[in-house]
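So the structure is just underneath, and the comments pick up after that.
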Amino acid sequence: AQTVTQSQPEMSVQEAETVTLSCTYDTSESDYYLFWYKQPPSRQMILVIRQEAYKQQNATENRFSVNFQKAAKSFSLKISDSQLGDAAMYFCAYKTGTASKLTFGTGTRLQVTL
Amino acid sequence: EAGVTQSPTHLIKTRGQQATLRCSPISGHTSVYWYQQALGLGLQFLLWYDEGEERNRGNFPPRFSGRQFPNYSSELNVNALELEDSALYLCASSWDREDPYEQYFGPGTRLTVT
C-alpha cells in the first residue's frame with residue numbers, strides 16, 4: 001500500500017525567509033504523481049505544485065519549488081520569500097497514474113512570523 | 001468559472017441519525033471524490049464516483065454511501081451516525097479525460113455528531 005509521511009507536524013519561518021517542508025512516500029508503482037496542497041484556515045484545499053514521477057526536472061511555481069528525489073522517495077517543498085499568507089496546513093499527496101484517489105500525509109502546519 | 005461547491009457548510013446531527021452532504025463539481029468535470037478529514041487522522045479517501053458509477057471505495061463501513069447524479073453532482077450519505085463521524089468532509093472533482101492529475105476541492109461540510 002502507498003503511504004505518505006510528513007515528519008514535521010509544525011514549522012515556523014520568518015517573513016521573507018525560506019523554509020523547506022519534508023515529505024517521503026512509499027510505493028512500488030513507477031507511474032505516479034506527487035502534489036503539495038495548502039489548506040488555510042478557510043479550509044479550502046488549494047493545489048500548490050505537482051510533480052510527475054517520470055519528469056526528472058523539479059517543478060517550480062513562482063516562490064514554490066520541489067526537490068524530487070525519486071530513488072530516495074522524497075518530495076520536499078521549498079517556499080522562498082515567505083509571506084504571511086503562506087501560513088496554512090500543507091499536505092503532501094500521492095496519486096497513481098490512473099485516475100484514482102489521493103493519498104495524503106498528515107500535514108505540516110506552517111507559521112509565518114514577522 | 002465556478003468552483004466546487006458543497007452544502008451545507010455546517011451540519012449538526014445526533015448519534016443514530018442520518019446525514020446527507022451534497023457536492024456540485026466544476027462544470028465539465030465527471031469525477032467526484034469524497035474525503036473525510038477527522039481531527040488527528042488527516043485526510044482519508046472515502047469514495048470516488050465517475051460517470052454515475054462508484055469506482056473506488058476507501059476503508060469505511062457500509063454506513064457511508066453515496067451516489068452521483070446525471071448532472072455529475074454527488075451526494076454522500078452517512079447512516080446511523082456515530083460520534084467519531086464528526087469531521088470535515090471534503091469533496092473534490094476532476095476531469096479524467098484531460099489533465100487527469102488535479103483534483104479541485106470544495107470548501108467542505110463540517111459534520112458534528114452529538
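Naming works like this for the C-alpha cells: A, B, ... for the chains as they're shown, residue 1 at the start of each chain, ligands 1 onward in shown order.
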
* To do: Write out as a ChimeraX atom specification every residue belonging to chain B that has an atom at most 12 Å from any atom of chain A, counting only C-alpha atoms.
  => /B:3-6,9,30-50,54-58,88-110

* Per DSSP on the backbone, filter chain A down to the residues in strand (DSSP E) and report them as a PyMOL selection string. => chain A and resi 3-5+10-14+19-21+24-26+32-39+46-52+60-61+64-69+74-79+88-96+103-104+108-113

* Asked: Please, what distance in Å, to one decimal, runs between atom CA of Thr114 of chain B and atom CA of Phe60 of chain B?
  -> 20.2 Å

* **Selection near Val19 of chain A, 9 Å with only C-alpha atoms, sequence-local residues under 3 positions removed, as a list in words** => Met11, Ser12, Val13, Gln14, Leu77, Lys78, Ile79, Ser80, Asp81 and Ser82 of chain A

Save out the residues we just selected, N, CA, C and O atoms, as a PDB file, in the first residue's frame.
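Printed below is part19.pdb as written:
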ATOM      1  N   MET A  11       6.067  23.834  11.543  1.00  0.00           N
ATOM      2  CA  MET A  11       7.270  24.562  11.152  1.00  0.00           C
ATOM      3  C   MET A  11       6.971  26.054  11.296  1.00  0.00           C
ATOM      4  O   MET A  11       5.824  26.492  11.195  1.00  0.00           O
ATOM      5  N   SER A  12       8.046  26.803  11.504  1.00  0.00           N
ATOM      6  CA  SER A  12       7.900  28.245  11.615  1.00  0.00           C
ATOM      7  C   SER A  12       8.967  28.909  10.756  1.00  0.00           C
ATOM      8  O   SER A  12      10.097  28.420  10.679  1.00  0.00           O
ATOM      9  N   VAL A  13       8.607  30.012  10.127  1.00  0.00           N
ATOM     10  CA  VAL A  13       9.548  30.735   9.280  1.00  0.00           C
ATOM     11  C   VAL A  13       9.275  32.221   9.419  1.00  0.00           C
ATOM     12  O   VAL A  13       8.134  32.643   9.621  1.00  0.00           O
ATOM     13  N   GLN A  14      10.321  32.995   9.336  1.00  0.00           N
ATOM     14  CA  GLN A  14      10.146  34.441   9.372  1.00  0.00           C
ATOM     15  C   GLN A  14       9.788  34.941   7.972  1.00  0.00           C
ATOM     16  O   GLN A  14      10.227  34.365   6.958  1.00  0.00           O
ATOM     17  N   LEU A  77       9.098  20.423  -0.253  1.00  0.00           N
ATOM     18  CA  LEU A  77       8.590  21.700  -0.782  1.00  0.00           C
ATOM     19  C   LEU A  77       9.402  22.841  -0.201  1.00  0.00           C
ATOM     20  O   LEU A  77       9.539  22.944   1.019  1.00  0.00           O
ATOM     21  N   LYS A  78       9.928  23.676  -1.060  1.00  0.00           N
ATOM     22  CA  LYS A  78      10.645  24.863  -0.620  1.00  0.00           C
ATOM     23  C   LYS A  78       9.816  26.098  -0.938  1.00  0.00           C
ATOM     24  O   LYS A  78       9.373  26.284  -2.073  1.00  0.00           O
ATOM     25  N   ILE A  79       9.624  26.903   0.102  1.00  0.00           N
ATOM     26  CA  ILE A  79       8.903  28.164  -0.064  1.00  0.00           C
ATOM     27  C   ILE A  79       9.911  29.283   0.130  1.00  0.00           C
ATOM     28  O   ILE A  79      10.514  29.406   1.207  1.00  0.00           O
ATOM     29  N   SER A  80      10.108  30.053  -0.893  1.00  0.00           N
ATOM     30  CA  SER A  80      11.055  31.170  -0.831  1.00  0.00           C
ATOM     31  C   SER A  80      10.318  32.471  -0.557  1.00  0.00           C
ATOM     32  O   SER A  80       9.136  32.607  -0.884  1.00  0.00           O
ATOM     33  N   ASP A  81      11.038  33.430   0.054  1.00  0.00           N
ATOM     34  CA  ASP A  81      10.446  34.741   0.320  1.00  0.00           C
ATOM     35  C   ASP A  81       9.068  34.576   0.972  1.00  0.00           C
ATOM     36  O   ASP A  81       8.050  35.083   0.479  1.00  0.00           O
ATOM     37  N   SER A  82       9.037  33.872   2.083  1.00  0.00           N
ATOM     38  CA  SER A  82       7.770  33.538   2.745  1.00  0.00           C
ATOM     39  C   SER A  82       6.944  34.786   3.045  1.00  0.00           C
ATOM     40  O   SER A  82       7.475  35.832   3.432  1.00  0.00           O
TER      41      SER A  82
END

Write out as an mmCIF file with N, CA, C and O atoms, in the first residue's frame the residues lying within 8 Å of Gln83 of chain A, counting only C-alpha atoms and excluding same-chain residues fewer than 4 positions away.
data_model
loop_
_atom_site.group_PDB
_atom_site.id
_atom_site.type_symbol
_atom_site.label_atom_id
_atom_site.label_comp_id
_atom_site.auth_asym_id
_atom_site.auth_seq_id
_atom_site.Cartn_x
_atom_site.Cartn_y
_atom_site.Cartn_z
ATOM 1 N N GLU A 15 9.015 35.981 7.966
ATOM 2 C CA GLU A 15 8.638 36.609 6.702
ATOM 3 C C GLU A 15 9.896 36.908 5.888
ATOM 4 O O GLU A 15 10.916 37.336 6.434
ATOM 5 N N ALA A 16 9.813 36.611 4.582
ATOM 6 C CA ALA A 16 10.887 36.834 3.608
ATOM 7 C C ALA A 16 11.968 35.752 3.628
ATOM 8 O O ALA A 16 12.842 35.757 2.754
ATOM 9 N N ALA A 87 0.923 31.106 5.600
ATOM 10 C CA ALA A 87 0.587 30.376 6.816
ATOM 11 C C ALA A 87 -0.625 29.486 6.566
ATOM 12 O O ALA A 87 -1.687 29.959 6.146
ATOM 13 N N VAL A 112 4.081 31.692 9.872
ATOM 14 C CA VAL A 112 4.933 32.725 9.310
ATOM 15 C C VAL A 112 4.929 33.897 10.270
ATOM 16 O O VAL A 112 3.859 34.456 10.581
#

* Nearby residues (only C-alpha atoms) at most 6 Å from Thr108 of chain A, same-chain spacing under 3 positions excluded, as number ranges by chain -> A: 8-10, 89-90

Go ahead and save the picked residues with C-alpha atoms, as a PDB file, in the first residue's frame.
ATOM      1  CA  GLN A   8       7.266  17.774  10.666  1.00  0.00           C
ATOM      2  CA  PRO A   9       3.944  18.477  12.417  1.00  0.00           C
ATOM      3  CA  GLU A  10       4.798  22.170  12.720  1.00  0.00           C
ATOM      4  CA  MET A  89      -1.510  23.450   6.751  1.00  0.00           C
ATOM      5  CA  TYR A  90       0.476  21.881   3.959  1.00  0.00           C
TER       6      TYR A  90
END

* Which neighbours of Pro62 of chain B fall inside 9 Å, counting only C-alpha atoms, when residues of the same chain fewer than 3 positions from it are skipped, and could you give them as a ChimeraX atom specification? -> /B:65,78-79

Residues as selected, N, CA and C atoms, written as a PDB file, in the first residue's frame, can you do that?
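Below is the file selection.pdb, written as the result:
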ATOM      1  N   SER B  65     -22.240   5.864   2.230  1.00  0.00           N
ATOM      2  CA  SER B  65     -22.623   5.548   0.858  1.00  0.00           C
ATOM      3  C   SER B  65     -22.900   6.841   0.120  1.00  0.00           C
ATOM      4  N   VAL B  78     -24.456   9.349   5.267  1.00  0.00           N
ATOM      5  CA  VAL B  78     -23.879   8.642   6.399  1.00  0.00           C
ATOM      6  C   VAL B  78     -25.033   8.223   7.295  1.00  0.00           C
ATOM      7  N   ASN B  79     -25.253   6.919   7.403  1.00  0.00           N
ATOM      8  CA  ASN B  79     -26.347   6.380   8.208  1.00  0.00           C
ATOM      9  C   ASN B  79     -25.864   6.030   9.617  1.00  0.00           C
TER      10      ASN B  79
END

* Given the choices A:Glu29, A:Tyr37, A:Ser22, A:Thr113, which gets closest to Phe68 of chain A if the distance is worked out from only C-alpha atoms? -> A:Ser22

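Relative to atom CA of Arg109 of chain A, atom CA of Gly85 of chain A is found at 12.9 Å.
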
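Between Asn71 of chain B and the residues B:Leu111, B:Ile26, B:Leu11, B:Ala2, the shortest atom-to-atom distance, using only C-alpha atoms, involves B:Ile26.
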